[in-house]
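Participant: For reference, the file run17.txt (compact mmCIF, C-alpha atoms) is included below:
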```
# COMPACT_ATOMS: atom_id res chain seq x y z
CA MET A 1 -8.56 -0.90 13.18
CA SER A 2 -10.33 2.32 12.28
CA VAL A 3 -12.04 3.33 15.50
CA SER A 4 -10.92 2.52 19.02
CA PRO A 5 -13.63 2.06 21.61
CA ALA A 6 -14.14 5.07 23.85
CA ILE A 7 -12.48 4.50 27.15
CA GLN A 8 -14.51 5.05 30.27
CA ALA A 9 -12.30 6.75 32.81
CA ARG A 10 -12.92 9.54 35.26
CA PRO A 11 -14.72 12.37 33.46
CA LEU A 12 -13.13 15.79 33.22
CA PRO A 13 -15.19 18.65 34.59
CA ALA A 14 -16.92 20.94 32.11
CA GLN A 15 -14.52 23.63 30.90
CA ALA A 16 -14.85 27.16 29.65
CA GLU A 17 -13.92 27.92 26.06
CA SER A 18 -10.45 29.24 26.87
CA ASP A 19 -9.83 26.21 29.05
CA LEU A 20 -10.83 24.03 26.10
CA GLU A 21 -8.18 25.65 23.93
CA ALA A 22 -5.59 25.19 26.63
CA LEU A 23 -6.59 21.55 27.00
CA GLN A 24 -6.35 21.07 23.27
CA ALA A 25 -2.80 22.46 23.28
CA GLN A 26 -2.02 20.23 26.24
CA ILE A 27 -3.30 17.18 24.34
CA TRP A 28 -1.13 18.02 21.33
CA HIS A 29 1.80 18.22 23.74
CA TRP A 30 0.97 14.80 25.19
CA LEU A 31 0.60 13.34 21.70
CA ASP A 32 4.03 14.73 20.85
CA GLN A 33 5.44 12.46 23.58
CA ILE A 34 4.21 9.34 21.76
CA ALA A 35 7.01 7.76 19.76
CA ASP A 36 6.50 5.95 16.48
CA PRO A 37 6.69 2.27 17.50
CA GLU A 38 9.05 1.40 14.63
CA ILE A 39 11.16 4.56 14.76
CA PRO A 40 11.27 5.73 18.40
CA ALA A 41 13.31 8.84 17.48
CA ILE A 42 10.26 10.56 16.02
CA SER A 43 6.89 11.37 17.58
CA VAL A 44 3.60 10.67 15.87
CA VAL A 45 3.00 14.44 15.74
CA ASP A 46 6.39 15.11 14.12
CA LEU A 47 5.66 12.37 11.60
CA GLY A 48 2.53 14.26 10.49
CA ILE A 49 0.14 11.42 11.30
CA VAL A 50 -2.05 13.41 13.72
CA ARG A 51 -4.36 15.60 11.65
CA ALA A 52 -6.72 16.98 14.28
CA VAL A 53 -7.70 16.90 17.94
CA GLN A 54 -11.42 17.46 18.47
CA LEU A 55 -12.93 18.11 21.89
CA GLN A 56 -16.63 17.95 22.57
CA HIS A 57 -18.95 17.94 25.54
CA ASP A 58 -21.90 15.64 25.46
CA PRO A 59 -25.21 16.65 27.12
CA ALA A 60 -24.07 14.98 30.34
CA GLN A 61 -21.04 17.32 30.31
CA GLN A 62 -18.63 14.48 29.63
CA MET A 63 -15.57 15.40 27.62
CA HIS A 64 -15.00 13.47 24.40
CA CYS A 65 -11.69 13.67 22.64
CA THR A 66 -11.40 12.45 19.05
CA VAL A 67 -7.93 12.21 17.57
CA VAL A 68 -7.89 12.09 13.77
CA ILE A 69 -4.94 10.23 12.31
CA THR A 70 -3.97 9.41 8.75
CA PRO A 71 -2.15 6.21 7.78
CA THR A 72 1.37 6.46 6.36
CA TYR A 73 1.51 3.38 4.11
CA SER A 74 -1.61 1.25 3.59
CA GLY A 75 -0.04 -1.83 5.07
CA CYS A 76 1.99 -0.24 7.85
CA PRO A 77 1.51 -2.47 10.89
CA ALA A 78 2.45 0.39 13.22
CA MET A 79 -0.89 2.15 12.69
CA GLY A 80 -2.79 -0.15 15.04
CA VAL A 81 -0.17 0.28 17.74
CA ILE A 82 -0.15 4.05 17.28
CA ALA A 83 -3.93 4.24 17.71
CA ALA A 84 -3.73 2.12 20.88
CA ASP A 85 -0.84 4.25 22.22
CA ILE A 86 -2.85 7.44 21.67
CA VAL A 87 -5.81 6.08 23.62
CA SER A 88 -3.74 4.78 26.52
CA THR A 89 -1.53 7.89 26.77
CA LEU A 90 -4.44 10.31 26.88
CA GLN A 91 -6.24 8.06 29.35
CA GLN A 92 -3.21 8.11 31.64
CA HIS A 93 -3.40 11.90 31.57
CA GLY A 94 -7.03 11.76 32.68
CA VAL A 95 -8.84 12.44 29.41
CA ALA A 96 -12.10 10.62 30.01
CA GLN A 97 -13.18 9.37 26.62
CA VAL A 98 -10.86 9.03 23.68
CA SER A 99 -11.54 7.71 20.25
CA VAL A 100 -9.21 7.54 17.27
CA ARG A 101 -10.59 8.12 13.80
CA THR A 102 -8.63 7.19 10.67
CA GLN A 103 -8.89 9.58 7.75
CA LEU A 104 -7.54 8.62 4.30
CA ALA A 105 -7.82 11.92 2.43
CA PRO A 106 -5.82 13.94 1.91
CA ALA A 107 -3.25 11.14 1.73
CA TRP A 108 -0.34 11.40 4.16
CA ASN A 109 2.86 12.80 2.70
CA THR A 110 6.33 13.41 4.05
CA ASP A 111 6.05 17.19 3.60
CA TRP A 112 3.96 17.03 6.77
CA MET A 113 6.99 15.91 8.75
CA SER A 114 8.13 18.67 11.14
CA GLU A 115 11.60 20.23 11.15
CA LYS A 116 12.11 18.86 14.65
CA GLY A 117 11.16 15.42 13.38
CA ARG A 118 13.62 15.66 10.50
CA ARG A 119 16.44 16.70 12.82
CA ASN A 120 15.65 13.89 15.26
CA LEU A 121 15.60 11.32 12.47
CA ASN A 122 18.97 12.44 11.16
CA HIS A 123 20.46 12.40 14.67
CA TYR A 124 19.10 8.86 15.11
CA GLY A 125 20.92 7.73 11.94
CA ILE A 126 18.02 7.80 9.48
CA ALA A 127 18.35 10.30 6.64
CA PRO A 128 15.15 12.39 6.44
CA PRO A 129 13.22 12.76 3.15
CA ALA A 130 15.52 14.65 0.76
CA GLN A 131 13.06 15.71 -1.90
CA GLN A 132 9.47 16.68 -2.45
CA VAL A 133 6.76 14.03 -2.29
CA ILE A 134 6.69 11.27 -4.89
CA ASP A 135 5.55 12.30 -8.37
CA ILE A 136 2.52 10.18 -9.23
CA GLY A 137 1.85 12.04 -12.48
CA GLY A 138 3.53 9.61 -14.84
CA ILE A 139 5.87 6.68 -15.27
CA SER A 140 8.78 6.24 -17.60
CA PRO A 141 10.71 3.27 -18.96
CA GLN A 142 13.91 5.12 -18.01
CA ARG A 143 15.50 4.18 -14.75
CA HIS A 144 14.33 6.51 -12.01
CA ALA A 145 17.38 8.18 -10.49
CA ALA A 146 17.55 7.68 -6.74
CA PRO A 147 17.64 11.00 -4.85
CA LYS A 148 20.94 12.32 -3.53
CA VAL A 149 20.87 11.74 0.19
CA PRO A 150 23.52 13.07 2.59
CA CYS A 151 24.92 10.46 4.98
CA PRO A 152 23.45 10.97 8.48
CA HIS A 153 26.72 9.74 10.04
CA CYS A 154 29.40 11.82 8.29
CA GLY A 155 27.42 14.26 6.13
CA SER A 156 29.02 13.14 2.87
CA THR A 157 26.87 13.34 -0.24
CA GLN A 158 28.81 10.47 -1.84
CA THR A 159 26.11 7.94 -1.08
CA VAL A 160 24.46 5.20 -3.11
CA CYS A 161 21.00 3.63 -2.98
CA VAL A 162 21.40 -0.09 -2.24
CA SER A 163 17.69 -0.95 -2.25
CA GLN A 164 14.56 1.11 -2.82
CA PHE A 165 12.87 -0.82 -0.03
CA GLY A 166 14.18 -1.20 3.51
CA SER A 167 13.31 -2.63 6.91
CA THR A 168 9.95 -0.82 6.99
CA SER A 169 7.60 0.44 4.27
CA CYS A 170 8.76 4.03 4.68
CA LYS A 171 12.50 3.47 4.23
CA ALA A 172 15.11 2.71 1.57
CA LEU A 173 18.61 1.35 2.11
CA TYR A 174 21.67 3.49 1.36
CA GLN A 175 25.39 3.24 1.87
CA CYS A 176 27.95 6.01 2.31
CA LYS A 177 30.96 5.74 -0.03
CA ASP A 178 33.12 7.85 2.30
CA CYS A 179 32.54 6.47 5.79
CA ARG A 180 31.34 3.13 4.32
CA GLU A 181 28.45 2.96 6.82
CA PRO A 182 25.08 1.69 5.62
CA PHE A 183 22.06 3.77 6.63
CA ASP A 184 18.29 4.00 6.29
CA TYR A 185 16.70 6.73 4.21
CA PHE A 186 13.15 7.85 5.02
CA LYS A 187 11.62 7.97 1.53
CA ALA A 188 9.80 11.02 0.24
CA HIS A 189 6.20 9.93 -0.15
CA MET B 1 -22.82 -8.89 -10.83
CA THR B 2 -23.19 -5.28 -11.89
CA SER B 3 -23.03 -3.37 -8.63
CA LYS B 4 -20.40 -1.11 -7.13
CA THR B 5 -20.11 -3.61 -4.28
CA ASP B 6 -19.01 -6.33 -6.69
CA TYR B 7 -16.54 -4.02 -8.38
CA VAL B 8 -14.92 -2.79 -5.18
CA ARG B 9 -14.68 -6.35 -3.87
CA ARG B 10 -13.00 -7.39 -7.12
CA LEU B 11 -10.44 -4.60 -6.69
CA GLY B 12 -9.73 -5.99 -3.23
CA ASP B 13 -9.48 -9.57 -4.47
CA ASN B 14 -6.75 -8.69 -6.97
CA VAL B 15 -4.43 -7.12 -4.44
CA LEU B 16 -5.23 -9.62 -1.68
CA VAL B 17 -4.34 -12.63 -3.83
CA LEU B 18 -1.17 -11.07 -5.24
CA SER B 19 -0.11 -10.01 -1.77
CA GLN B 20 -0.50 -13.58 -0.51
CA ARG B 21 1.52 -14.89 -3.47
CA LEU B 22 4.35 -12.42 -2.89
CA SER B 23 4.47 -13.24 0.80
CA GLU B 24 5.56 -16.77 -0.16
CA TRP B 25 8.94 -15.24 -1.04
CA CYS B 26 9.51 -14.11 2.55
CA GLY B 27 12.87 -15.46 3.67
CA LYS B 28 13.52 -17.08 0.27
CA GLY B 29 14.43 -14.11 -1.94
CA PRO B 30 17.57 -14.41 -4.07
CA ALA B 31 19.18 -11.55 -2.14
CA LEU B 32 18.32 -9.82 1.12
CA GLU B 33 17.39 -6.58 -0.64
CA GLU B 34 15.13 -8.39 -3.10
CA ASP B 35 13.46 -10.30 -0.31
CA MET B 36 12.72 -7.09 1.58
CA ALA B 37 11.49 -5.31 -1.53
CA LEU B 38 9.01 -8.04 -2.45
CA ILE B 39 7.70 -8.26 1.08
CA ASN B 40 7.32 -4.49 1.25
CA VAL B 41 5.27 -4.61 -1.94
CA SER B 42 3.25 -7.48 -0.47
CA LEU B 43 2.64 -5.41 2.67
CA ASP B 44 1.43 -2.42 0.66
CA LEU B 45 -0.94 -4.67 -1.26
CA ILE B 46 -2.43 -6.31 1.84
CA GLY B 47 -3.04 -2.83 3.25
CA GLN B 48 -4.74 -1.83 0.02
CA ALA B 49 -6.82 -5.02 0.08
CA ARG B 50 -8.03 -4.11 3.57
CA LEU B 51 -9.16 -0.68 2.36
CA TRP B 52 -11.08 -2.09 -0.61
CA LEU B 53 -12.60 -5.07 1.18
CA SER B 54 -13.68 -2.99 4.19
CA TYR B 55 -15.46 -0.66 1.81
CA ALA B 56 -16.98 -3.59 -0.10
CA GLY B 57 -18.29 -4.99 3.19
CA GLU B 58 -19.86 -1.64 4.07
CA LEU B 59 -21.49 -1.36 0.64
CA GLU B 60 -22.80 -4.90 0.90
CA GLY B 61 -24.46 -4.05 4.22
CA GLN B 62 -24.66 -7.61 5.51
CA GLY B 63 -22.26 -7.17 8.38
CA ARG B 64 -19.31 -8.79 6.63
CA GLY B 65 -16.00 -7.07 7.25
CA GLU B 66 -12.63 -7.35 5.54
CA ASP B 67 -11.77 -10.54 7.44
CA GLN B 68 -14.95 -12.41 6.53
CA LEU B 69 -14.50 -11.44 2.89
CA ALA B 70 -10.86 -12.53 2.84
CA PHE B 71 -11.07 -15.70 4.89
CA LEU B 72 -14.56 -17.08 4.47
CA ARG B 73 -15.15 -17.14 0.73
CA ASP B 74 -14.28 -20.04 -1.53
CA ALA B 75 -12.35 -19.87 -4.81
CA HIS B 76 -15.35 -19.38 -7.11
CA GLN B 77 -16.41 -16.38 -5.02
CA PHE B 78 -13.10 -14.63 -5.67
CA HIS B 79 -13.12 -12.53 -8.82
CA ASN B 80 -9.45 -11.65 -9.16
CA LEU B 81 -7.51 -11.74 -12.41
CA LEU B 82 -5.91 -15.10 -13.23
CA LEU B 83 -2.55 -13.35 -13.56
CA VAL B 84 -2.27 -12.64 -9.82
CA GLU B 85 -3.01 -16.19 -8.65
CA LEU B 86 -0.34 -17.88 -10.78
CA PRO B 87 2.46 -19.60 -8.86
CA ASN B 88 5.61 -17.57 -8.23
CA GLY B 89 7.78 -19.75 -10.46
CA SER B 90 11.34 -18.51 -10.83
CA TYR B 91 12.38 -15.02 -9.84
CA ALA B 92 11.99 -13.98 -13.48
CA ASP B 93 8.38 -15.27 -13.47
CA THR B 94 7.61 -13.34 -10.30
CA LEU B 95 9.14 -10.12 -11.61
CA ALA B 96 7.51 -10.40 -15.04
CA ARG B 97 4.11 -10.96 -13.42
CA GLN B 98 4.73 -8.01 -11.10
CA PHE B 99 5.73 -5.77 -14.00
CA LEU B 100 2.70 -6.64 -16.14
CA PHE B 101 0.42 -6.18 -13.13
CA ASP B 102 2.06 -3.00 -11.75
CA VAL B 103 1.71 -1.12 -15.04
CA TRP B 104 -1.98 -2.10 -15.26
CA HIS B 105 -2.49 -1.29 -11.57
CA TYR B 106 -0.84 2.12 -11.91
CA PHE B 107 -3.03 3.24 -14.83
CA LEU B 108 -6.16 1.71 -13.28
CA LEU B 109 -5.60 3.67 -10.05
CA GLN B 110 -4.97 6.84 -12.04
CA GLY B 111 -8.37 6.28 -13.68
CA LEU B 112 -10.04 5.51 -10.35
CA CYS B 113 -8.76 8.84 -9.00
CA GLN B 114 -11.34 10.38 -11.40
CA SER B 115 -14.19 8.19 -10.13
CA ASP B 116 -17.53 9.77 -9.17
CA ASP B 117 -17.40 7.85 -5.88
CA ALA B 118 -15.54 9.88 -3.24
CA ARG B 119 -14.41 6.84 -1.23
CA ILE B 120 -13.00 5.12 -4.34
CA VAL B 121 -11.05 8.31 -5.07
CA GLU B 122 -9.66 8.47 -1.51
CA ILE B 123 -8.46 4.88 -1.60
CA ALA B 124 -7.09 5.15 -5.16
CA GLN B 125 -5.11 8.30 -4.34
CA LYS B 126 -3.55 6.61 -1.34
CA CYS B 127 -2.70 3.43 -3.27
CA LEU B 128 -1.34 5.28 -6.31
CA LYS B 129 1.57 6.70 -4.34
CA GLU B 130 2.64 3.23 -3.26
CA VAL B 131 2.11 1.67 -6.66
CA THR B 132 4.29 4.34 -8.28
CA TYR B 133 7.20 2.86 -6.33
CA HIS B 134 6.18 -0.66 -7.33
CA VAL B 135 6.06 0.09 -11.03
CA ARG B 136 9.36 1.99 -10.97
CA ARG B 137 11.04 -0.99 -9.38
CA SER B 138 9.54 -3.69 -11.59
CA THR B 139 10.22 -1.61 -14.72
CA ASP B 140 13.82 -1.19 -13.68
CA LEU B 141 14.33 -4.88 -12.96
CA VAL B 142 12.76 -6.08 -16.22
CA VAL B 143 15.22 -3.86 -18.11
CA ARG B 144 18.19 -4.96 -16.01
CA LEU B 145 17.43 -8.67 -16.31
CA GLY B 146 16.23 -8.56 -19.92
CA ASP B 147 19.31 -6.62 -20.96
CA GLY B 148 21.53 -8.53 -18.53
CA THR B 149 23.30 -11.83 -18.98
CA GLU B 150 22.34 -14.47 -21.55
CA GLU B 151 20.73 -16.50 -18.80
CA SER B 152 18.75 -13.64 -17.26
CA HIS B 153 17.61 -12.57 -20.74
CA ARG B 154 16.47 -16.08 -21.60
CA ARG B 155 14.55 -16.47 -18.36
CA MET B 156 12.90 -13.06 -18.59
CA GLN B 157 11.84 -13.69 -22.19
CA ALA B 158 10.39 -17.08 -21.25
CA ALA B 159 8.49 -15.51 -18.35
CA ILE B 160 6.99 -12.78 -20.53
CA ASP B 161 6.01 -15.34 -23.17
CA ASP B 162 4.40 -17.64 -20.59
CA LEU B 163 2.44 -14.91 -18.84
CA TRP B 164 1.28 -13.06 -21.93
CA MET B 165 -1.92 -15.07 -22.37
CA TYR B 166 -3.07 -13.88 -18.96
CA THR B 167 -2.90 -10.20 -19.92
CA GLY B 168 -5.98 -10.21 -22.19
CA GLU B 169 -8.26 -10.41 -19.19
CA LEU B 170 -6.86 -7.14 -17.85
CA PHE B 171 -8.51 -5.23 -20.67
CA THR B 172 -11.50 -7.29 -21.79
CA PRO B 173 -14.51 -5.59 -20.23
CA ASP B 174 -17.27 -7.75 -18.80
CA ALA B 175 -20.76 -6.51 -17.84
CA LEU B 176 -19.45 -5.22 -14.52
CA ASP B 177 -16.61 -3.21 -16.08
CA THR B 178 -19.00 -1.72 -18.61
CA ALA B 179 -21.59 -0.81 -15.97
CA MET B 180 -18.97 0.85 -13.77
CA GLN B 181 -17.61 2.85 -16.67
CA GLN B 182 -21.10 3.99 -17.67
CA GLN B 183 -21.80 5.08 -14.11
CA GLY B 184 -18.59 7.13 -14.06
CA LEU B 185 -17.06 4.97 -11.34
CA ALA B 186 -14.22 3.34 -13.26
CA PRO B 187 -12.06 4.12 -16.30
CA ALA B 188 -12.59 2.73 -19.80
CA LEU B 189 -10.47 -0.37 -20.28
CA ASP B 190 -9.57 0.37 -23.91
CA GLU B 191 -7.88 3.63 -22.89
CA LEU B 192 -6.15 1.82 -20.07
CA GLN B 193 -4.92 -0.79 -22.55
CA GLN B 194 -3.36 1.84 -24.81
CA LYS B 195 -1.37 3.32 -21.94
CA TRP B 196 -0.35 -0.12 -20.69
CA GLN B 197 0.67 -1.27 -24.15
CA GLN B 198 2.80 1.80 -24.73
CA HIS B 199 4.73 1.52 -21.47
CA VAL B 200 5.13 -2.25 -21.67
CA THR B 201 6.31 -2.08 -25.31
CA GLU B 202 8.87 0.64 -24.59
CA VAL B 203 10.22 -1.23 -21.55
CA LEU B 204 10.46 -4.58 -23.33
CA GLN B 205 12.28 -2.91 -26.24
CA MET B 206 14.71 -1.27 -23.84
CA ALA B 207 15.17 -4.65 -22.18
CA THR B 208 16.00 -6.20 -25.59
CA LEU B 209 13.04 -8.51 -25.10
CA ARG B 210 10.72 -9.68 -27.87
CA ILE B 211 7.12 -8.47 -27.59
CA PRO B 212 4.67 -11.36 -28.05
CA ALA B 213 2.72 -11.15 -31.31
CA ALA B 214 -0.62 -9.36 -31.39
CA GLY B 215 -3.77 -11.45 -31.57
CA LEU B 216 -2.53 -14.44 -29.57
CA TRP B 217 -5.16 -16.50 -27.79
CA MET B 218 -5.91 -15.15 -24.33
CA GLN B 219 -6.98 -16.98 -21.18
CA SER B 220 -9.93 -15.59 -19.20
CA GLY B 221 -12.39 -16.44 -16.45
CA GLY B 222 -10.91 -15.02 -13.24
CA LYS B 223 -13.19 -12.01 -13.20
CA GLN B 224 -16.17 -14.39 -13.36
CA GLY B 225 -14.87 -16.69 -10.63
CA ARG B 226 -13.54 -19.41 -12.95
CA HIS B 227 -10.01 -19.91 -11.73
CA THR B 228 -6.89 -21.94 -12.35
CA GLU B 229 -6.32 -24.83 -9.96
CA HIS B 230 -3.71 -22.70 -8.19
CA LEU B 231 -6.13 -20.39 -6.38
CA GLY B 232 -7.62 -23.15 -4.24
CA TYR B 233 -4.21 -24.08 -2.83
CA LEU B 234 -3.41 -20.44 -2.15
CA LEU B 235 -6.69 -19.97 -0.28
CA ALA B 236 -6.23 -23.21 1.65
CA GLU B 237 -3.06 -21.81 3.14
CA MET B 238 -4.31 -18.24 3.60
CA GLN B 239 -7.62 -19.27 5.16
CA PHE B 240 -6.41 -22.21 7.25
CA LEU B 241 -6.62 -20.50 10.63
CA GLN B 242 -10.12 -19.08 10.27
CA ARG B 243 -11.40 -22.32 8.72
CA SER B 244 -9.93 -24.52 11.45
CA TYR B 245 -10.59 -22.18 14.35
CA PRO B 246 -13.63 -20.13 13.30
CA GLY B 247 -13.67 -16.64 14.78
CA ALA B 248 -10.15 -16.95 16.22
CA ALA B 249 -8.78 -13.55 17.25
CA TRP B 250 -5.72 -12.23 19.06
```
Could you spell out this file's structure in structure tokens?

Facilitator:
Amino acid sequence: MSVSPAIQARPLPAQAESDLEALQAQIWHWLDQIADPEIPAISVVDLGIVRAVQLQHDPAQQMHCTVVITPTYSGCPAMGVIAADIVSTLQQHGVAQVSVRTQLAPAWNTDWMSEKGRRNLNHYGIAPPAQQVIDIGGISPQRHAAPKVPCPHCGSTQTVCVSQFGSTSCKALYQCKDCREPFDYFKAH
Amino acid sequence: MTSKTDYVRRLGDNVLVLSQRLSEWCGKGPALEEDMALINVSLDLIGQARLWLSYAGELEGQGRGEDQLAFLRDAHQFHNLLLVELPNGSYADTLARQFLFDVWHYFLLQGLCQSDDARIVEIAQKCLKEVTYHVRRSTDLVVRLGDGTEESHRRMQAAIDDLWMYTGELFTPDALDTAMQQQGLAPALDELQQKWQQHVTEVLQMATLRIPAAGLWMQSGGKQGRHTEHLGYLLAEMQFLQRSYPGAAW
């Protein structure tokens, strides 16, 4: 799904410029309440998926809101749900017409994740990305060392990567050698 | 078959068919972690196939979307490499195929990031990040199994030997490849081959595996729609729903 159909709800009255800015900030706030469907501890804004909120009046003074999102992984099944959640959430708050536009470039990366998002992930038991985004500049026959990831449960850095792929595209599986608990690691991407 | 539409559709066909093959491992992997890893790779590839095939449908301009292109074409209309349609075989066969493909895929996407077509660049940049993980993993596993036990070494060597004749097609340009390169849309396959050869050779050496001799006879035909018997069975399963219940949606 790349574009959701505009939803016909009650139109907002025409707004002055300053009101538009306030509304835009309000919409970002509402979007920040939308949880990632796979990882409810983090909002779609904290995840860095929402790239822009565009507000426009058409000639009939109807307000159009376009939310630009960027996919995390190409095959992530959560993207469709996220787009639908954005439309329904804004509609519930009375935004008349909402459409969601998917933008590929620049490609999403985990440096766009907010500090709040990283803290929430760690608190939830998922270690946040521990290094800069993946280096796509070259490949080597040598084994790629897994990043050192502190355990989100006990904080120990004595952890080991069990699998480079986990329960969703964005995660790897780790285990802590001190508290022995397994945990998910949100891969740097 | 010399248009950008054909080329972009072919890019989609490769990842769609390999994704479908890998998905057959779901729930049957030799270990939970391996199962999840293969299915994650499969998921990345189906997502990439959607990006390419959607674009191919737009370029074609006949109202066909990703779904029509995936589910309503017959085997001879698919132009994927033979390598990706081969049966999964043993786990060594699957990993060897993945390794040979991933290295090619990685360098191809790097080349496509320099394409003169902005949309191709956008898609290639997105895919390249995912494929970097794929190639790291398959490289690692070929070394571990090749330089592992006697049994894992034997199986990995047999898999490389069996699959080798399907690697010629990766680098033999046809009219479409040549046209795309001349138009600045796709990389030159001989340069791609050098990079592939270097990485594959180094990895196989590290894995204590024998590199098949140069100049062996190579199989071809996939890029022209002449496939092994295996593709038809794969499509029969993948397309069953849309063939039996045309237009079904949920």

Participant: Using all atoms listed in the file, pick whichever of A:Met113, A:Leu173, A:Val44, A:Ile39 has the shortest atom-to-atom distance to Cys151 of chain A.

Facilitator: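 Using all atoms listed in the file, the shortest distance to Cys151 of chain A belongs to A:Leu173.
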
Participant: Which residues, written as a PyMOL selection string, have at least one atom at most 7 Å from segment 78-94 of chain B, with only C-alpha atoms counted and residues fewer than 5 positions away on the same chain left out?

Facilitator: chain B and resi 10+13-14+17-18+21+155-156+159+166+169+222-225+227-228+230-231

Participant: Can you work out which residues from chain A touch chain B at a cut-off of 10 Å (counting all atoms listed in the file) and hand them back as a compact mmCIF listing (two decimals) with C-alpha atoms, keeping the file's coordinate frame?

Facilitator:
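Once everything was written out, this is part13.txt:
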```txt
# COMPACT_ATOMS: atom_id res chain seq x y z
CA PRO A 71 -2.15 6.21 7.78
CA THR A 72 1.37 6.46 6.36
CA TYR A 73 1.51 3.38 4.11
CA SER A 74 -1.61 1.25 3.59
CA GLY A 75 -0.04 -1.83 5.07
CA CYS A 76 1.99 -0.24 7.85
CA PRO A 77 1.51 -2.47 10.89
CA GLN A 103 -8.89 9.58 7.75
CA LEU A 104 -7.54 8.62 4.30
CA ALA A 105 -7.82 11.92 2.43
CA PRO A 106 -5.82 13.94 1.91
CA ALA A 107 -3.25 11.14 1.73
CA TRP A 108 -0.34 11.40 4.16
CA ASN A 109 2.86 12.80 2.70
CA VAL A 133 6.76 14.03 -2.29
CA ILE A 134 6.69 11.27 -4.89
CA ASP A 135 5.55 12.30 -8.37
CA ILE A 136 2.52 10.18 -9.23
CA GLY A 137 1.85 12.04 -12.48
CA GLY A 138 3.53 9.61 -14.84
CA ILE A 139 5.87 6.68 -15.27
CA SER A 140 8.78 6.24 -17.60
CA PRO A 141 10.71 3.27 -18.96
CA GLN A 142 13.91 5.12 -18.01
CA ARG A 143 15.50 4.18 -14.75
CA HIS A 144 14.33 6.51 -12.01
CA VAL A 162 21.40 -0.09 -2.24
CA SER A 163 17.69 -0.95 -2.25
CA GLN A 164 14.56 1.11 -2.82
CA PHE A 165 12.87 -0.82 -0.03
CA GLY A 166 14.18 -1.20 3.51
CA SER A 167 13.31 -2.63 6.91
CA THR A 168 9.95 -0.82 6.99
CA SER A 169 7.60 0.44 4.27
CA CYS A 170 8.76 4.03 4.68
CA LYS A 171 12.50 3.47 4.23
CA ALA A 172 15.11 2.71 1.57
CA LEU A 173 18.61 1.35 2.11
CA HIS A 189 6.20 9.93 -0.15
```

Participant: How many Å separate atom CA of Gln131 of chain A from atom CA of Arg119 of chain A?

Facilitator: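 Going from atom CA of Gln131 of chain A over to atom CA of Arg119 of chain A covers 15.1 Å.
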
Participant: Using Å and a single decimal, report how far atom CA of Ala56 of chain B sits from atom CA of Thr5 of chain B.

Facilitator: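 So the answer is 5.2 Å.
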
Participant: Do you have the atom CA of Met165 of chain B-atom CA of Ser220 of chain B distance handy?

Facilitator: 8.6 Å

Participant: Would you mind telling me which residue in A:Ala41, A:Leu31, A:Ala83, A:Leu20 lies nearest to Asn122 of chain A when using all atoms listed in the file?

Facilitator: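 Under the stated criterion, the closest residue is A:Ala41.
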
Participant: Within 8 Å of Trp104 of chain B, counting all atoms listed in the file, which residues qualify if same-chain residues fewer than 3 places away don't, as a PyMOL selection string?

Facilitator: chain B and resi 100-101+107-108+170+192-193+196

Participant: Please check which residues have atoms at most 12 Å from (28.9, 11.2, 7.7) in the file's coordinates, counting all atoms listed in the file, and write them as a PyMOL selection string.

Facilitator: chain A and resi 122-123+125-127+149-159+175-183

Participant: Using all atoms listed in the file, which of the listed residues (B:Gly61, B:Gly111, B:Gly146, B:Pro30) sits closest to Lys195 of chain B?

Facilitator: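 The answer is B:Gly111, which sits nearest to Lys195 of chain B.
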
Participant: Could you name the residues that touch Leu176 of chain B at 12 Å or less, counting all atoms listed in the file, but leaving out those on the same chain fewer than 4 positions away, as a list in words?

Facilitator: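 In the requested form, the answer reads Met1, Thr2, Ser3, Lys4, Thr5, Asp6, Tyr7, Val8, Arg9, Arg10, Leu11, His79, Thr172, Met180, Gln181, Gln182, Gln183, Leu185, Ala186, Ala188, Leu189, Lys223 and Gln224 of chain B.
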
Participant: Could you write out that same residue set with C-alpha atoms as an mmCIF file, keeping the file's coordinate frame?

Facilitator:
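The file below, result-v4.cif, is the result:
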```cif
data_model
loop_
_atom_site.group_PDB
_atom_site.id
_atom_site.type_symbol
_atom_site.label_atom_id
_atom_site.label_comp_id
_atom_site.auth_asym_id
_atom_site.auth_seq_id
_atom_site.Cartn_x
_atom_site.Cartn_y
_atom_site.Cartn_z
ATOM 1 C CA MET B 1 -22.820 -8.890 -10.830
ATOM 2 C CA THR B 2 -23.190 -5.280 -11.890
ATOM 3 C CA SER B 3 -23.030 -3.370 -8.630
ATOM 4 C CA LYS B 4 -20.400 -1.110 -7.130
ATOM 5 C CA THR B 5 -20.110 -3.610 -4.280
ATOM 6 C CA ASP B 6 -19.010 -6.330 -6.690
ATOM 7 C CA TYR B 7 -16.540 -4.020 -8.380
ATOM 8 C CA VAL B 8 -14.920 -2.790 -5.180
ATOM 9 C CA ARG B 9 -14.680 -6.350 -3.870
ATOM 10 C CA ARG B 10 -13.000 -7.390 -7.120
ATOM 11 C CA LEU B 11 -10.440 -4.600 -6.690
ATOM 12 C CA HIS B 79 -13.120 -12.530 -8.820
ATOM 13 C CA THR B 172 -11.500 -7.290 -21.790
ATOM 14 C CA MET B 180 -18.970 0.850 -13.770
ATOM 15 C CA GLN B 181 -17.610 2.850 -16.670
ATOM 16 C CA GLN B 182 -21.100 3.990 -17.670
ATOM 17 C CA GLN B 183 -21.800 5.080 -14.110
ATOM 18 C CA LEU B 185 -17.060 4.970 -11.340
ATOM 19 C CA ALA B 186 -14.220 3.340 -13.260
ATOM 20 C CA ALA B 188 -12.590 2.730 -19.800
ATOM 21 C CA LEU B 189 -10.470 -0.370 -20.280
ATOM 22 C CA LYS B 223 -13.190 -12.010 -13.200
ATOM 23 C CA GLN B 224 -16.170 -14.390 -13.360
#
```
